[in-house]
file target-v7.cif (mmCIF, C-alpha atoms)
data_my_file
#
loop_
_atom_site.label_atom_id
_atom_site.label_comp_id
_atom_site.auth_asym_id
_atom_site.auth_seq_id
_atom_site.Cartn_x
_atom_site.Cartn_y
_atom_site.Cartn_z
CA MET R 252 72.78 -20.10 -37.38
CA ASN R 253 76.30 -19.31 -38.53
CA ALA R 254 77.34 -18.17 -41.99
CA PRO R 255 78.80 -21.10 -43.94
CA ARG R 256 82.47 -21.07 -44.72
CA SER R 257 83.75 -20.85 -48.25
CA SER R 258 84.20 -24.25 -49.84
CA VAL R 259 87.70 -25.66 -50.00
CA GLY R 260 88.97 -27.48 -53.05
CA ALA R 261 89.89 -27.02 -56.67
CA ALA R 262 87.40 -24.26 -57.37
CA SER R 263 87.83 -22.14 -60.49
CA PRO R 264 88.68 -18.43 -60.03
CA LEU R 265 85.08 -17.54 -60.97
CA GLU R 266 83.66 -20.01 -58.45
CA HIS R 267 86.00 -18.65 -55.80
CA HIS R 268 84.76 -15.10 -56.35
CA LEU R 269 81.11 -16.20 -56.44
CA SER R 270 81.59 -18.12 -53.20
CA THR R 271 83.07 -15.02 -51.60
CA TYR R 272 80.14 -12.87 -52.74
CA LEU R 273 77.72 -15.53 -51.54
CA ASP R 274 79.32 -15.72 -48.11
CA VAL R 275 79.10 -11.95 -47.67
CA ALA R 276 75.45 -11.93 -48.82
CA THR R 277 74.77 -14.71 -46.33
CA THR R 278 76.46 -12.89 -43.47
CA ALA R 279 74.40 -9.78 -44.22
CA ALA R 280 71.12 -11.71 -44.51
CA LEU R 281 71.70 -13.47 -41.19
CA ALA R 282 72.59 -10.20 -39.48
CA ALA R 283 69.43 -8.58 -40.84
CA GLY R 284 67.44 -11.57 -39.62
CA GLU R 285 68.68 -10.93 -36.08
CA VAL R 286 67.33 -7.39 -36.31
CA LEU R 287 63.97 -8.62 -37.59
CA GLN R 288 63.70 -11.07 -34.72
CA ALA R 289 64.65 -8.41 -32.17
CA CYS R 290 62.01 -5.97 -33.44
CA TRP R 291 59.27 -8.59 -33.77
CA GLY R 292 56.12 -7.46 -31.97
CA LYS R 293 57.80 -4.26 -30.73
CA LEU R 294 57.20 -1.86 -33.62
CA GLU R 295 56.62 1.76 -32.70
CA SER R 296 56.29 3.19 -36.20
CA ILE R 297 54.40 1.74 -39.19
CA VAL R 298 54.13 4.22 -42.06
CA GLU R 299 52.73 4.07 -45.59
CA LYS R 300 55.33 5.21 -48.13
CA GLY R 301 52.84 6.82 -50.50
CA ARG R 302 50.83 3.91 -51.88
CA PRO R 303 48.13 2.16 -49.81
CA GLY R 304 49.61 -0.94 -48.20
CA ASP R 305 53.25 -0.07 -49.03
CA LEU R 306 54.59 0.00 -45.48
CA VAL R 307 57.90 0.79 -43.85
CA THR R 308 58.86 0.23 -40.22
CA GLU R 309 61.89 0.81 -38.03
CA ALA R 310 62.72 -2.87 -38.55
CA ASP R 311 63.12 -2.28 -42.31
CA LYS R 312 65.45 0.64 -41.70
CA GLN R 313 67.53 -0.97 -38.98
CA ALA R 314 67.95 -4.21 -40.93
CA GLU R 315 68.96 -2.29 -44.06
CA ALA R 316 71.57 -0.30 -42.12
CA VAL R 317 73.18 -3.54 -40.95
CA ILE R 318 73.21 -4.98 -44.47
CA LEU R 319 74.71 -1.83 -45.98
CA GLU R 320 77.46 -1.77 -43.39
CA ILE R 321 78.48 -5.34 -44.19
CA ILE R 322 78.36 -4.92 -47.98
CA ARG R 323 80.36 -1.68 -47.86
CA GLN R 324 82.92 -3.18 -45.50
CA HIS R 325 83.72 -5.95 -47.97
CA PHE R 326 83.00 -4.30 -51.33
CA PRO R 327 83.25 -0.51 -51.00
CA ASP R 328 83.44 -0.04 -54.78
CA HIS R 329 80.26 -1.99 -55.59
CA SER R 330 77.02 -0.20 -56.41
CA ILE R 331 73.91 -0.72 -54.28
CA LEU R 332 70.17 -0.47 -54.83
CA ALA R 333 68.36 -0.72 -51.50
CA GLU R 334 64.63 -0.49 -50.95
CA GLU R 335 64.69 2.09 -48.17
CA SER R 336 67.91 4.01 -48.84
CA GLY R 337 67.80 4.09 -52.61
CA GLN R 338 70.67 4.05 -55.08
CA PHE R 339 74.40 4.29 -54.35
CA GLY R 340 76.54 4.28 -57.47
CA ASP R 341 75.75 3.36 -61.06
CA LEU R 342 72.81 1.02 -61.65
CA ASP R 343 74.62 -0.26 -64.75
CA ALA R 344 77.81 -1.04 -62.83
CA GLU R 345 79.48 -4.43 -63.17
CA TYR R 346 78.51 -5.26 -59.58
CA LEU R 347 75.16 -4.11 -58.18
CA TRP R 348 73.72 -5.32 -54.89
CA ALA R 349 69.89 -5.32 -54.76
CA ILE R 350 68.73 -5.33 -51.14
CA ASP R 351 65.35 -5.86 -49.52
CA PRO R 352 65.95 -5.78 -45.76
CA LEU R 353 62.41 -6.90 -44.97
CA ASP R 354 60.47 -8.54 -47.77
CA GLY R 355 56.91 -8.96 -46.54
CA THR R 356 56.68 -5.82 -44.41
CA THR R 357 52.88 -6.00 -44.31
CA ASN R 358 53.07 -9.55 -42.98
CA TYR R 359 55.67 -8.47 -40.44
CA ALA R 360 53.66 -5.46 -39.27
CA HIS R 361 50.68 -7.74 -38.61
CA GLN R 362 52.90 -10.34 -36.90
CA TYR R 363 52.18 -12.84 -39.64
CA PRO R 364 55.46 -14.79 -39.69
CA PHE R 365 56.23 -14.89 -43.40
CA SER R 366 58.98 -12.39 -44.13
CA ALA R 367 62.64 -12.45 -45.05
CA ALA R 368 65.81 -10.48 -45.63
CA SER R 369 66.76 -10.75 -49.31
CA ILE R 370 70.15 -9.84 -50.77
CA GLY R 371 71.05 -10.36 -54.42
CA LEU R 372 74.09 -9.49 -56.50
CA LEU R 373 73.78 -8.59 -60.17
CA ILE R 374 76.92 -9.08 -62.23
CA ASN R 375 76.76 -7.13 -65.47
CA GLY R 376 73.03 -6.77 -64.98
CA VAL R 377 72.36 -10.48 -64.40
CA PRO R 378 71.11 -11.81 -61.03
CA THR R 379 73.92 -14.19 -60.13
CA VAL R 380 74.18 -14.54 -56.34
CA GLY R 381 71.42 -14.59 -53.75
CA ALA R 382 70.84 -15.11 -50.03
CA ILE R 383 67.37 -15.14 -48.45
CA PHE R 384 66.93 -15.64 -44.72
CA ASP R 385 63.53 -16.34 -43.20
CA PRO R 386 64.24 -15.87 -39.47
CA PHE R 387 60.81 -17.09 -38.37
CA HIS R 388 61.24 -20.54 -39.88
CA LYS R 389 65.03 -20.40 -39.49
CA GLU R 390 65.58 -21.16 -43.16
CA LEU R 391 68.55 -19.80 -45.08
CA PHE R 392 68.30 -20.13 -48.86
CA ARG R 393 71.42 -19.29 -50.80
CA GLY R 394 72.79 -19.91 -54.26
CA ALA R 395 74.92 -18.73 -57.13
CA VAL R 396 74.41 -19.48 -60.79
CA GLY R 397 76.86 -22.17 -61.80
CA ILE R 398 77.53 -23.28 -58.22
CA GLY R 399 74.14 -24.53 -57.03
CA ALA R 400 71.65 -23.71 -54.30
CA THR R 401 71.05 -24.82 -50.72
CA CYS R 402 68.62 -24.48 -47.85
CA ASN R 403 70.39 -24.62 -44.49
CA ASP R 404 73.45 -26.03 -46.27
CA GLN R 405 71.49 -28.90 -47.85
CA PRO R 406 71.37 -28.95 -51.68
CA ILE R 407 68.03 -28.02 -53.20
CA HIS R 408 66.55 -28.46 -56.66
CA VAL R 409 63.34 -27.49 -58.38
CA SER R 410 60.46 -29.97 -58.60
CA ILE R 411 59.85 -32.44 -61.42
CA VAL R 412 56.10 -31.80 -61.84
CA ASP R 413 55.49 -31.63 -65.58
CA LYS R 414 51.75 -30.96 -65.88
CA LEU R 415 50.08 -27.72 -64.90
CA ALA R 416 47.01 -29.62 -63.70
CA GLN R 417 49.21 -31.30 -61.08
CA SER R 418 51.06 -28.18 -60.00
CA LEU R 419 50.97 -25.90 -56.98
CA LEU R 420 51.69 -22.29 -57.92
CA VAL R 421 52.22 -19.00 -56.12
CA THR R 422 51.67 -15.36 -57.01
CA GLY R 423 51.02 -11.94 -55.50
CA PHE R 424 49.30 -8.62 -56.10
CA ALA R 425 51.04 -5.29 -56.64
CA TYR R 426 50.43 -2.17 -54.57
CA ASP R 427 48.72 -0.52 -57.57
CA ARG R 428 46.11 -3.28 -57.88
CA ARG R 429 43.32 -0.88 -56.88
CA GLU R 430 44.21 1.49 -59.71
CA THR R 431 44.77 -0.71 -62.77
CA PRO R 432 42.85 -3.47 -64.59
CA ASP R 433 46.22 -5.22 -64.99
CA ASN R 434 45.90 -6.40 -61.40
CA ASN R 435 46.48 -10.17 -61.64
CA TYR R 436 43.04 -11.02 -60.23
CA GLN R 437 41.75 -12.93 -63.24
CA GLU R 438 45.08 -14.76 -63.68
CA PHE R 439 44.92 -15.83 -60.04
CA CYS R 440 41.37 -17.16 -60.31
CA TYR R 441 41.88 -18.80 -63.71
CA LEU R 442 45.04 -20.64 -62.68
CA THR R 443 43.45 -21.66 -59.38
CA HIS R 444 40.71 -23.23 -61.53
CA ILE R 445 43.08 -25.38 -63.63
CA THR R 446 45.82 -26.33 -61.11
CA GLN R 447 45.94 -27.99 -57.71
CA GLY R 448 46.06 -24.53 -56.17
CA VAL R 449 47.60 -21.06 -56.16
CA ARG R 450 49.04 -19.60 -52.98
CA ARG R 451 49.49 -15.92 -52.12
CA ALA R 452 51.85 -15.48 -49.18
CA GLY R 453 53.05 -11.89 -49.51
CA ALA R 454 56.84 -12.19 -49.81
CA ALA R 455 58.26 -12.59 -53.32
CA SER R 456 61.69 -13.69 -52.11
CA ILE R 457 60.25 -16.63 -50.17
CA ASP R 458 57.94 -17.50 -53.07
CA LEU R 459 61.00 -17.81 -55.31
CA ALA R 460 62.94 -19.73 -52.66
CA TYR R 461 60.08 -22.23 -52.43
CA VAL R 462 60.15 -22.70 -56.20
CA ALA R 463 63.88 -23.30 -55.95
CA CYS R 464 63.49 -26.02 -53.34
CA GLY R 465 60.52 -27.72 -55.03
CA ARG R 466 57.78 -26.84 -52.55
CA LEU R 467 56.10 -24.84 -55.29
CA ASP R 468 56.24 -25.53 -59.02
CA GLY R 469 55.85 -22.06 -60.49
CA TYR R 470 55.51 -18.37 -59.72
CA TRP R 471 54.35 -15.35 -61.67
CA GLU R 472 53.77 -11.76 -60.59
CA ARG R 473 53.83 -8.16 -61.84
CA GLY R 474 54.59 -4.78 -60.28
CA LEU R 475 57.75 -5.86 -58.48
CA SER R 476 61.01 -4.02 -57.83
CA PRO R 477 64.57 -5.28 -58.47
CA TRP R 478 65.21 -5.79 -54.76
CA ASP R 479 62.14 -8.06 -54.57
CA LEU R 480 63.51 -10.39 -57.22
CA ALA R 481 67.29 -10.34 -57.57
CA ALA R 482 68.22 -12.87 -54.88
CA GLY R 483 65.33 -15.23 -55.62
CA VAL R 484 65.98 -15.27 -59.37
CA ALA R 485 69.61 -16.23 -58.79
CA ILE R 486 68.62 -19.01 -56.39
CA VAL R 487 65.91 -20.42 -58.70
CA GLU R 488 68.32 -20.57 -61.62
CA ALA R 489 71.06 -22.03 -59.41
CA ALA R 490 68.56 -24.74 -58.39
CA GLY R 491 67.84 -25.69 -62.00
CA GLY R 492 64.76 -23.56 -62.61
CA THR R 493 63.80 -21.24 -65.45
CA VAL R 494 63.11 -17.51 -65.20
CA THR R 495 61.73 -15.38 -68.06
CA ALA R 496 59.15 -12.78 -68.93
CA TYR R 497 55.53 -13.96 -69.15
CA ASP R 498 55.95 -14.71 -72.88
CA CYS R 499 59.20 -16.69 -72.38
CA SER R 500 61.32 -13.83 -73.70
CA PRO R 501 64.45 -13.02 -71.65
CA PHE R 502 63.81 -11.87 -68.11
CA ASP R 503 64.18 -8.13 -67.51
CA LEU R 504 64.67 -7.35 -63.83
CA ARG R 505 63.51 -3.76 -64.26
CA SER R 506 60.21 -4.75 -65.89
CA GLY R 507 58.78 -5.85 -62.55
CA ARG R 508 57.19 -8.87 -64.25
CA ILE R 509 58.39 -12.42 -63.78
CA LEU R 510 57.62 -16.02 -64.65
CA ALA R 511 59.69 -18.54 -62.68
CA THR R 512 59.14 -22.30 -62.77
CA ASN R 513 60.80 -25.66 -62.46
CA GLY R 514 61.31 -25.55 -66.24
CA GLN R 515 59.01 -28.49 -66.87
CA LEU R 516 55.90 -26.30 -66.65
CA HIS R 517 57.33 -23.15 -68.13
CA ALA R 518 55.92 -23.22 -71.64
CA GLU R 519 52.47 -24.37 -70.49
CA LEU R 520 52.20 -21.75 -67.76
CA SER R 521 53.36 -19.05 -70.16
CA GLN R 522 50.70 -20.07 -72.67
CA GLU R 523 47.96 -19.98 -70.05
CA LEU R 524 49.02 -16.53 -68.82
CA LEU R 525 48.88 -15.20 -72.37
CA HIS R 526 45.55 -16.97 -72.95
CA VAL R 527 43.77 -15.57 -69.91
CA ALA R 528 44.91 -12.05 -70.81
CA GLN R 529 43.09 -12.33 -74.14
CA ILE R 530 39.74 -13.85 -73.17
CA GLU R 531 36.56 -12.32 -71.82
CA PRO R 532 36.76 -12.00 -68.03
CA TRP R 533 35.31 -15.01 -66.20
CA SER R 534 34.25 -16.69 -69.48
CA TRP R 535 36.27 -19.76 -68.47
CA LEU R 536 34.44 -20.28 -65.17
CA ASN R 537 31.90 -22.84 -66.34
CA SER R 538 34.08 -24.50 -68.94
#
call {"tool": "encode", "arguments": {"input": "target-v7.cif", "output": "structure tokens"}}
result
Amino acid sequence: MNAPRSSVGAASPLEHHLSTYLDVATTAALAAGEVLQACWGKLESIVEKGRPGDLVTEADKQAEAVILEIIRQHFPDHSILAEESGQFGDLDAEYLWAIDPLDGTTNYAHQYPFSAASIGLLINGVPTVGAIFDPFHKELFRGAVGIGATCNDQPIHVSIVDKLAQSLLVTGFAYDRRETPDNNYQEFCYLTHITQGVRRAGAASIDLAYVACGRLDGYWERGLSPWDLAAGVAIVEAAGGTVTAYDCSPFDLRSGRILATNGQLHAELSQELLHVAQIEPWSWLNS
């Protein structure tokens, strides 16, 4: 799969710059995907980074090195926040790249083929450009706010489901779930009870990409890092979706908490998340 060329036509200066950023993010995501494919099933080192289940492998590190090389080659003055290498430059800089070279490391380590390279660009603190490449399904999701979003160069848009009872949702569980009562378990069960289903796949970037293309109608999760979310948030919003905090207040990337939907379900899903947090555990089960 080749990186798409920049569009030709009467693009505004802003669109031109966003297209350039998007093409570089895409090139980096595809290059990282080649590393992930090459290392698949050949891992020699799988290490916990301090929290149970928070893994890192040589594939993470090699893919990140490739991404960093490409970003620095094109934008040496931009700041970077990368999962494995950490921070380079000012986190409050005008341009900040948030990089997850292997989102879904646990899946990858177990040879469960649901992982991706995720590269997002924040402009003045706002997720604006994103590229997510799932090399195992050969799907490249990319988008920029104001330009639109695609999957393998085909335009994508969020779903039109407008009732929570008819929705299919997705979520996940943070690494600290064993240590805190704020672990998303009751939310998962409650929303499974009142929707057509809730999936848990283990890669936030792909969860968001699937909301963007309408395969899923909404996503919520807590305990996430900026590199988990930046690219996916940009793609969801570019595809017409809505991203906020649980209570519909403005989204804060550093909070680690997100509610992303097709927009049609946003208020209802927000209300249910706030409701389940206030009721007696499991009191809804026989209602």
call {"tool": "closest_atom_pairs", "arguments": {"input": "target-v7.cif", "of": "segment 438-504 of chain R", "to": "segment 316-335 of chain R", "cutoff": "10 Å", "atoms": "only C-alpha atoms", "output": "Markdown table"}}
result
| residue | atom | partner | partner_atom | distance |
| --- | --- | --- | --- | --- |
| R:Ser476 | CA | R:Glu334 | CA | 8.5 |
| R:Pro477 | CA | R:Leu332 | CA | 8.2 |
| R:Trp478 | CA | R:Glu334 | CA | 6.6 |
| R:Asp479 | CA | R:Glu334 | CA | 8.8 |
call {"tool": "resolve_selection", "arguments": {"input": "target-v7.cif", "expression": "the PyMOL selection byres ((chain R and resi 503) around 12)", "output": "PyMOL selection string"}}
result
chain R and resi 376-378+473+475-477+480-481+484+494-502+504-510
call {"tool": "closest_residue", "arguments": {"input": "target-v7.cif", "among": "R:Leu467, R:Ile297, R:Val462, R:Ala382", "to": "Ala368 of chain R", "atoms": "all atoms listed in the file"}}
result
R:Ala382
call {"tool": "residues_around", "arguments": {"input": "target-v7.cif", "residues": "Ala283 of chain R", "least_positions_apart": "4", "cutoff": "9 Å", "atoms": "only C-alpha atoms", "output": "PyMOL selection string"}}
result
chain R and resi 278-279+287-288+313-318+352-353+367-368+384
call {"tool": "closest_residue", "arguments": {"input": "target-v7.cif", "among": "R:His408, R:His361, R:Arg393, R:His517", "to": "Thr379 of chain R", "atoms": "only C-alpha atoms"}}
result
R:Arg393
